[in-house]
$ cat input_17.cif   # mmCIF, C-alpha atoms and all ligand atoms
data_start
loop_
_atom_site.label_atom_id
_atom_site.label_comp_id
_atom_site.auth_asym_id
_atom_site.auth_seq_id
_atom_site.Cartn_x
_atom_site.Cartn_y
_atom_site.Cartn_z
CA MET U 1 -10.98 41.96 3.35
CA LYS U 2 -7.28 41.36 4.05
CA ALA U 3 -5.54 38.05 4.68
CA SER U 4 -4.86 36.86 8.20
CA VAL U 5 -1.24 35.68 8.25
CA GLY U 6 0.92 35.03 11.28
CA GLY U 7 4.29 35.36 9.59
CA TYR U 8 6.37 35.06 6.45
CA ALA U 9 9.66 33.31 5.75
CA ARG U 10 11.58 33.06 2.49
CA ALA U 11 13.14 29.60 2.15
CA THR U 12 16.78 29.65 1.08
CA ASP U 13 16.77 26.05 -0.17
CA LEU U 14 14.45 23.05 -0.23
CA GLN U 15 15.62 21.63 3.10
CA HIS U 16 15.09 25.03 4.72
CA ALA U 17 11.53 25.09 3.32
CA ILE U 18 10.81 21.62 4.73
CA LYS U 19 12.22 22.65 8.12
CA LEU U 20 10.01 25.74 8.23
CA LEU U 21 6.92 23.77 7.22
CA ASP U 22 7.69 21.02 9.74
CA SER U 23 8.07 23.52 12.57
CA ALA U 24 4.55 24.95 12.21
CA ASP U 25 2.37 21.98 13.28
CA GLY U 26 0.46 21.88 10.00
CA MET U 27 -0.29 25.62 10.10
CA ALA U 28 2.29 26.75 7.52
CA ARG U 29 1.35 27.35 3.88
CA VAL U 30 3.66 26.99 0.89
CA LEU U 31 3.69 30.17 -1.20
CA ALA U 32 4.66 29.66 -4.86
CA GLY U 33 3.10 32.05 -7.42
CA GLY U 34 0.50 33.18 -4.88
CA GLN U 35 -2.22 33.42 -7.55
CA SER U 36 -4.63 31.07 -5.77
CA LEU U 37 -3.29 31.10 -2.22
CA VAL U 38 -3.32 34.87 -1.69
CA ALA U 39 -6.81 35.21 -3.18
CA ALA U 40 -8.05 32.43 -0.88
CA MET U 41 -6.37 34.03 2.15
CA ASN U 42 -7.85 37.44 1.31
CA MET U 43 -11.29 35.84 1.28
CA ARG U 44 -10.47 34.02 4.55
CA LEU U 45 -11.07 30.68 2.84
CA THR U 46 -7.71 29.56 4.22
CA ALA U 47 -5.42 30.84 6.95
CA GLY U 48 -1.91 30.08 8.11
CA ASP U 49 0.46 30.91 10.91
CA LEU U 50 3.38 31.05 8.50
CA LEU U 51 3.77 31.61 4.77
CA VAL U 52 6.80 29.70 3.51
CA ASP U 53 7.91 31.38 0.28
CA ILE U 54 9.53 28.83 -2.06
CA SER U 55 9.46 31.07 -5.11
CA ARG U 56 13.26 31.56 -5.27
CA LEU U 57 14.30 27.91 -4.96
CA SER U 58 16.29 27.28 -8.12
CA GLU U 59 16.18 23.48 -7.60
CA LEU U 60 12.40 23.60 -8.28
CA ARG U 61 12.81 25.37 -11.63
CA GLY U 62 13.46 24.24 -15.16
CA VAL U 63 12.45 21.55 -17.63
CA THR U 64 14.89 18.71 -18.33
CA ASP U 65 15.14 15.80 -20.75
CA GLU U 66 15.47 12.54 -18.80
CA GLY U 67 15.45 10.00 -21.65
CA ASP U 68 11.94 8.51 -21.89
CA THR U 69 10.47 11.30 -19.75
CA ILE U 70 10.67 15.04 -19.22
CA ARG U 71 10.94 16.54 -15.75
CA ILE U 72 9.14 19.82 -15.08
CA GLY U 73 10.16 21.69 -11.94
CA ALA U 74 7.21 22.63 -9.72
CA LEU U 75 8.04 26.34 -9.95
CA THR U 76 7.85 26.38 -13.74
CA ARG U 77 5.43 29.20 -14.51
CA HIS U 78 2.43 28.73 -16.78
CA VAL U 79 3.94 31.04 -19.41
CA GLU U 80 7.14 28.95 -19.41
CA VAL U 81 5.14 25.72 -19.80
CA GLY U 82 3.51 27.25 -22.89
CA ASP U 83 6.83 28.36 -24.41
CA ASN U 84 9.16 25.50 -23.53
CA ALA U 85 10.52 23.54 -26.51
CA LEU U 86 10.78 20.19 -24.65
CA ILE U 87 7.19 20.44 -23.43
CA LYS U 88 5.91 21.48 -26.85
CA GLU U 89 7.62 18.48 -28.44
CA HIS U 90 7.01 15.76 -25.84
CA ALA U 91 3.89 16.85 -23.91
CA PRO U 92 2.07 19.27 -26.25
CA LEU U 93 -1.15 18.92 -24.24
CA LEU U 94 0.42 20.95 -21.42
CA ALA U 95 1.68 23.68 -23.74
CA ASP U 96 -1.73 23.85 -25.45
CA ALA U 97 -3.48 24.14 -22.07
CA VAL U 98 -1.72 27.38 -21.17
CA LYS U 99 -3.70 29.54 -23.57
CA PHE U 100 -6.91 28.43 -21.79
CA ILE U 101 -5.62 29.45 -18.33
CA ALA U 102 -6.79 32.82 -17.03
CA HIS U 103 -4.99 35.97 -18.23
CA ALA U 104 -1.37 36.96 -18.94
CA THR U 105 -0.71 38.35 -15.45
CA ILE U 106 -1.79 35.10 -13.80
CA ARG U 107 0.08 32.98 -16.35
CA ASN U 108 3.23 35.04 -15.66
CA ARG U 109 3.19 34.25 -11.93
CA GLY U 110 1.24 31.01 -11.49
CA THR U 111 3.29 27.79 -11.32
CA ILE U 112 2.44 24.29 -12.50
CA GLY U 113 3.27 22.92 -9.04
CA GLY U 114 0.92 25.44 -7.44
CA ALA U 115 -1.86 24.50 -9.82
CA LEU U 116 -1.46 20.78 -9.03
CA ALA U 117 -1.15 21.29 -5.26
CA HIS U 118 -4.21 23.57 -5.33
CA ALA U 119 -6.19 20.77 -7.07
CA ASP U 120 -8.99 22.94 -8.39
CA PRO U 121 -11.29 20.61 -10.38
CA ALA U 122 -11.87 23.46 -12.86
CA ALA U 123 -8.14 23.94 -13.56
CA GLU U 124 -6.48 22.69 -16.73
CA PHE U 125 -3.15 21.28 -15.50
CA PRO U 126 -4.55 18.66 -13.06
CA ALA U 127 -6.72 17.11 -15.80
CA CYS U 128 -3.81 17.29 -18.27
CA VAL U 129 -1.21 15.58 -16.08
CA LEU U 130 -3.72 12.83 -15.23
CA ALA U 131 -4.43 12.26 -18.92
CA LEU U 132 -0.67 12.12 -19.55
CA GLY U 133 0.00 9.61 -16.75
CA ALA U 134 2.48 11.81 -14.88
CA THR U 135 4.49 10.96 -11.79
CA LEU U 136 4.96 13.51 -9.01
CA GLN U 137 8.11 13.97 -6.94
CA ILE U 138 7.56 15.15 -3.39
CA MET U 139 9.99 16.10 -0.60
CA GLY U 140 9.18 16.01 3.12
CA PRO U 141 10.93 15.77 6.50
CA ASP U 142 11.48 12.01 6.02
CA GLY U 143 12.98 12.41 2.53
CA GLY U 144 11.68 12.20 -1.01
CA ARG U 145 8.88 10.09 -2.43
CA THR U 146 7.29 9.53 -5.81
CA ILE U 147 3.59 9.11 -6.44
CA ALA U 148 1.57 8.25 -9.56
CA VAL U 149 -0.82 11.05 -10.51
CA GLU U 150 -3.71 8.55 -10.30
CA ASP U 151 -3.14 8.49 -6.51
CA PHE U 152 -2.45 12.22 -6.04
CA PHE U 153 -5.86 13.92 -6.33
CA LEU U 154 -8.07 12.90 -3.41
CA GLY U 155 -11.05 15.26 -3.64
CA LEU U 156 -12.15 18.87 -3.93
CA PHE U 157 -8.96 20.99 -3.45
CA GLU U 158 -7.47 17.92 -1.75
CA THR U 159 -4.29 16.01 -2.62
CA ASP U 160 -2.02 13.42 -1.09
CA LEU U 161 0.45 16.18 -0.05
CA GLU U 162 1.07 16.49 3.70
CA PRO U 163 1.27 20.04 5.15
CA GLU U 164 5.04 19.74 5.68
CA GLU U 165 5.73 18.45 2.16
CA VAL U 166 6.73 20.27 -1.03
CA LEU U 167 5.90 19.15 -4.54
CA MET U 168 9.27 19.26 -6.32
CA ALA U 169 8.63 18.19 -9.89
CA ILE U 170 6.35 16.49 -12.35
CA THR U 171 7.65 13.73 -14.62
CA ILE U 172 5.79 13.13 -17.89
CA PRO U 173 6.35 10.23 -20.29
CA LYS U 174 7.44 11.52 -23.68
CA ALA U 175 4.79 11.24 -26.39
CA GLU U 176 5.43 8.16 -28.51
CA ALA U 177 5.52 8.27 -32.32
CA GLY U 178 2.00 8.94 -33.60
CA GLU U 179 0.59 9.82 -30.18
CA ARG U 180 -2.19 12.43 -30.24
CA GLN U 181 -3.02 14.82 -27.40
CA VAL U 182 -6.06 17.11 -27.53
CA LEU U 183 -7.67 19.60 -25.14
CA GLN U 184 -11.18 20.88 -25.78
CA GLU U 185 -13.22 23.17 -23.56
CA VAL U 186 -16.18 25.52 -23.42
CA THR U 187 -15.97 28.87 -21.62
CA ARG U 188 -18.29 31.86 -21.53
CA ARG U 189 -15.41 34.31 -22.11
CA SER U 190 -11.76 33.88 -22.99
CA GLY U 191 -9.75 33.35 -19.79
CA ASP U 192 -12.71 32.20 -17.68
CA TYR U 193 -12.62 28.85 -15.94
CA ALA U 194 -14.15 26.27 -18.29
CA LEU U 195 -17.81 25.32 -17.95
CA ALA U 196 -16.49 21.92 -18.98
CA GLY U 197 -13.24 20.72 -20.50
CA LEU U 198 -11.76 17.48 -21.78
CA CYS U 199 -8.25 16.07 -22.28
CA LEU U 200 -7.84 13.12 -24.64
CA VAL U 201 -4.60 11.23 -25.23
CA LYS U 202 -4.33 8.41 -27.77
CA ARG U 203 -1.41 5.99 -27.43
CA GLN U 204 -0.65 2.52 -28.76
CA ALA U 205 -1.78 1.14 -25.40
CA GLY U 206 -5.13 2.91 -25.71
CA HIS U 207 -6.90 6.15 -24.89
CA ARG U 208 -6.65 8.22 -21.70
CA LEU U 209 -9.53 10.63 -21.10
CA THR U 210 -10.05 13.12 -18.27
CA MET U 211 -12.38 16.06 -17.74
CA LEU U 212 -12.35 19.34 -15.84
CA SER U 213 -15.24 21.20 -14.21
CA VAL U 214 -17.50 18.14 -14.11
CA GLY U 215 -16.77 16.69 -10.67
CA GLU U 216 -14.87 17.18 -7.43
CA GLN U 217 -11.52 16.06 -8.84
CA PRO U 218 -10.02 15.05 -12.18
CA GLU U 219 -10.58 11.36 -12.84
CA LEU U 220 -9.91 8.95 -15.69
CA ALA U 221 -13.17 8.28 -17.58
CA THR U 222 -12.47 4.55 -17.83
CA GLY U 223 -15.83 3.56 -19.33
CA ALA U 224 -15.48 6.03 -22.17
CA MET U 225 -11.80 5.06 -22.63
CA ALA U 226 -12.77 1.39 -23.16
CA MET U 227 -15.39 2.40 -25.74
CA LEU U 228 -12.89 4.61 -27.58
CA ASP U 229 -10.39 1.72 -27.62
CA ALA U 230 -13.14 -0.39 -29.24
CA GLY U 231 -13.77 2.35 -31.83
CA ASN U 232 -17.31 2.95 -30.54
CA ILE U 233 -17.67 6.76 -30.42
CA ASP U 234 -21.41 6.81 -29.66
CA GLY U 235 -20.79 4.32 -26.85
CA ALA U 236 -17.95 6.46 -25.54
CA VAL U 237 -20.17 9.57 -25.46
CA ALA U 238 -22.90 7.69 -23.60
CA ALA U 239 -20.39 6.15 -21.16
CA LEU U 240 -18.76 9.53 -20.49
CA ARG U 241 -22.10 11.23 -19.77
CA ALA U 242 -22.98 8.38 -17.39
CA GLU U 243 -19.71 8.32 -15.46
CA ILE U 244 -19.17 12.03 -14.74
CA ASP U 245 -20.82 13.77 -11.81
CA PRO U 246 -21.17 17.50 -12.63
CA SER U 247 -22.93 19.92 -10.34
CA SER U 248 -25.17 22.90 -11.11
CA ASP U 249 -24.05 26.42 -10.25
CA THR U 250 -24.67 29.97 -11.41
CA ASN U 251 -22.61 29.36 -14.56
CA ALA U 252 -24.18 26.15 -15.88
CA SER U 253 -26.54 23.35 -14.92
CA ALA U 254 -25.37 19.78 -14.37
CA SER U 255 -27.39 18.59 -17.37
CA TYR U 256 -25.76 21.23 -19.62
CA ARG U 257 -22.30 20.17 -18.45
CA ARG U 258 -23.17 16.52 -19.09
CA HIS U 259 -24.37 17.39 -22.58
CA ILE U 260 -21.23 19.46 -23.28
CA ALA U 261 -19.02 16.57 -22.18
CA GLY U 262 -20.32 14.45 -25.04
CA VAL U 263 -20.00 17.31 -27.51
CA LEU U 264 -16.39 17.92 -26.44
CA LEU U 265 -15.55 14.24 -26.81
CA ARG U 266 -16.86 14.19 -30.38
CA ARG U 267 -14.89 17.37 -31.14
CA ALA U 268 -11.72 15.89 -29.65
CA VAL U 269 -12.06 12.69 -31.68
CA ASP U 270 -12.71 14.76 -34.83
CA GLN U 271 -9.63 16.86 -34.06
CA MET U 272 -7.53 13.73 -33.69
CA THR U 273 -8.74 12.23 -36.94
CA GLY U 274 -8.41 15.53 -38.80
CA ASP U 275 -12.18 15.77 -39.34
CA VAL U 276 -12.44 19.19 -37.63
CA ARG U 277 -15.78 20.96 -38.14
C1 LIG U 301 -8.60 35.37 -11.46
C2 LIG U 301 -7.97 34.01 -11.60
C3 LIG U 301 -8.32 33.23 -12.68
C4 LIG U 301 -7.75 31.96 -12.83
N1 LIG U 301 -8.13 31.20 -13.91
C5 LIG U 301 -7.60 29.97 -14.05
C6 LIG U 301 -7.97 29.13 -15.16
O1 LIG U 301 -8.75 29.50 -16.03
N2 LIG U 301 -7.42 27.89 -15.21
C7 LIG U 301 -6.54 27.43 -14.28
O2 LIG U 301 -6.07 26.31 -14.38
N3 LIG U 301 -6.16 28.20 -13.23
C8 LIG U 301 -6.67 29.44 -13.09
N4 LIG U 301 -6.29 30.21 -12.02
C9 LIG U 301 -5.36 29.65 -11.01
C10 LIG U 301 -3.90 29.91 -11.40
O3 LIG U 301 -3.54 29.06 -12.46
C11 LIG U 301 -2.94 29.70 -10.18
O4 LIG U 301 -1.77 30.28 -10.45
C12 LIG U 301 -2.59 28.28 -9.85
O5 LIG U 301 -3.72 27.52 -9.66
C13 LIG U 301 -1.77 28.24 -8.53
O6 LIG U 301 -0.44 28.43 -8.81
P1 LIG U 301 0.47 29.34 -7.86
O7 LIG U 301 1.87 29.07 -8.21
O8 LIG U 301 0.00 30.75 -7.94
O9 LIG U 301 0.16 28.72 -6.41
P2 LIG U 301 -0.10 29.42 -5.02
O10 LIG U 301 -1.28 30.32 -5.12
O11 LIG U 301 1.15 29.98 -4.48
O12 LIG U 301 -0.46 28.13 -4.16
C14 LIG U 301 -1.67 27.41 -4.39
C15 LIG U 301 -1.75 26.25 -3.38
O13 LIG U 301 -0.78 25.27 -3.67
C16 LIG U 301 0.18 25.15 -2.59
N5 LIG U 301 1.47 25.00 -3.24
C17 LIG U 301 1.97 25.78 -4.23
N6 LIG U 301 3.14 25.29 -4.68
C18 LIG U 301 3.38 24.17 -3.96
C19 LIG U 301 4.43 23.22 -3.96
N7 LIG U 301 5.46 23.27 -4.85
N8 LIG U 301 4.38 22.20 -3.07
C20 LIG U 301 3.35 22.11 -2.19
N9 LIG U 301 2.31 22.97 -2.15
C21 LIG U 301 2.33 23.99 -3.03
C22 LIG U 301 -0.01 26.41 -1.76
O14 LIG U 301 0.33 26.20 -0.40
C23 LIG U 301 -1.50 26.68 -1.94
O15 LIG U 301 -2.25 25.86 -1.09
C24 LIG U 301 -6.82 31.48 -11.87
C25 LIG U 301 -6.45 32.28 -10.78
C26 LIG U 301 -7.01 33.54 -10.65
C27 LIG U 301 -6.60 34.40 -9.49
#
$ encode --input "input_17.cif" --output "structure tokens"
Amino acid sequence: MKASVGGYARATDLQHAIKLLDSADGMARVLAGGQSLVAAMNMRLTAGDLLVDISRLSELRGVTDEGDTIRIGALTRHVEVGDNALIKEHAPLLADAVKFIAHATIRNRGTIGGALAHADPAAEFPACVLALGATLQIMGPDGGRTIAVEDFFLGLFETDLEPEEVLMAITIPKAEAGERQVLQEVTRRSGDYALAGLCLVKRQAGHRLTMLSVGEQPELATGAMAMLDAGNIDGAVAALRAEIDPSSDTNASASYRRHIAGVLLRRAVDQMTGDVR
């Protein structure tokens, strides 16, 4: 099946992109790497009157050091996230995540902004940026705004972005001295979406724990985080299994995913403490 698209326009700068999106009464679609959008359009899972191609907007590219934070442009491709020296040093969780994402061709074209805007609960980057406590910078017809990642993901493939808005950048707090960041997941084959995955960050202020593929959106597992802060690993495993809401599908049952969640948490804690089995 082929996609049903009304038209295509290549934005020349960010304001041009916003103008194009604003002129289409909610029926325009931002095109970044196209790795999820084009597949969804081919399957007629989404349609648009106008594709607004932002892929050449230089202001949405690049990773910069901003003091206590790093700023990652929305058009930064997965492969660049994995290779970037600032990200490797200050947000290693994101760099580590790249090797779990799909295959080289998709990592060469897919963008971090596209992955966050797409909000697939099985994707790595949404769970990672939530675990890291990121802030998202968004531009729309009424100007720019900033939103905490905790308020960005609203449901299955649903975010706080309005149809005429563009995600510009992601700001991540730099890892503090001694901070640990770990990603663990289980897949059937290398490059598949995870049957279940887990991001764990340990800071002086406490743990931050998120999961992928176990619910409709990435969420902080606050019950398990409190148990980890108290040093109670068994309690954390029990709390995590109780607070996630996985579903059954052709790849795995809900009860298997719930079981795996606890296993992944123990592995992540072992990895952090150096007791890797
Ligand atoms: C076969 C296959 C396997 C995959 N496996 C994995 C995997 O294992 N793990 C994983 O995490 N991902 C996986 N992906 C998804 C991949 O990472 C996508 O590249 C990514 O999710 C979307 O990025 P993109 O730049 O291609 O976005 P696009 O496809 O261009 O856009 C995706 C959505 O986001 C919107 N959008 C994009 N950029 C912006 C922006 N800056 N502002 C506002 N809206 C925007 C678009 O309008 C669209 O709705 C897979 C994809 C495929 C096709």
$ residues_near_ligand --input "input_17.cif" --ligand "ligand LIG 301 (chain U)" --cutoff "8 Å" --atoms "all atoms listed in the file" --output "PyMOL selection string"
chain U and resi 29-39+54+60+74-75+77-78+100-103+106-107+109-120+122-126+138+161+163+165-169+191-194
$ closest_residue --input "input_17.cif" --among "U:Leu200, U:Val214, U:Leu183, U:Leu21" --to "U:Leu156" --atoms "all atoms listed in the file"
U:Val214
$ closest_residue --input "input_17.cif" --among "U:Ile147, U:Gln137, U:Glu164, U:Gly178" --to "U:Ala28" --atoms "only C-alpha atoms"
U:Glu164
$ residues_around --input "input_17.cif" --residues "U:Asp83" --least-positions-apart "2" --cutoff "12 Å" --atoms "all atoms listed in the file" --output "JSON, numbers by chain"
{"U": [63, 76, 77, 78, 79, 80, 81, 85, 86, 87, 88, 89, 91, 92, 94, 95, 96, 97, 98, 99, 107, 108]}
$ closest_residue --input "input_17.cif" --among "U:Glu185, U:Glu216, U:Glu176, U:Glu59" --to "U:Phe153" --atoms "only C-alpha atoms"
U:Glu216
$ closest_residue --input "input_17.cif" --among "U:Arg267, U:Arg208, U:Arg203, U:Arg189" --to "U:Asn251" --atoms "only C-alpha atoms"
U:Arg189
$ closest_residue --input "input_17.cif" --among "U:Val269, U:Ala175, U:Leu209, U:Leu220" --to "U:Asn232" --atoms "all atoms listed in the file"
U:Val269
$ atom_distance --input "input_17.cif" --atom1 "atom CA of U:Ile172" --atom2 "atom CA of U:Ala134"
4.7 Å
$ residues_around --input "input_17.cif" --residues "stretch 253-264 of chain U" --least-positions-apart "5" --cutoff "7 Å" --atoms "all atoms listed in the file" --output "list in words"
Gln184, Glu185, Leu195, Ala196, Leu198, Val214, Val237, Leu240, Arg241, Pro246, Ser247 and Ser248 of chain U
$ residues_near_point --input "input_17.cif" --point "(9.1, 29.5, 4.6)" --cutoff "9 Å" --atoms "only C-alpha atoms" --output "VMD selection string"
chain U and resid 8 to 12 16 to 21 28 to 31 50 to 54
$ atom_distance --input "input_17.cif" --atom1 "atom CA of U:Glu243" --atom2 "atom CA of U:Pro173"
26.6 Å
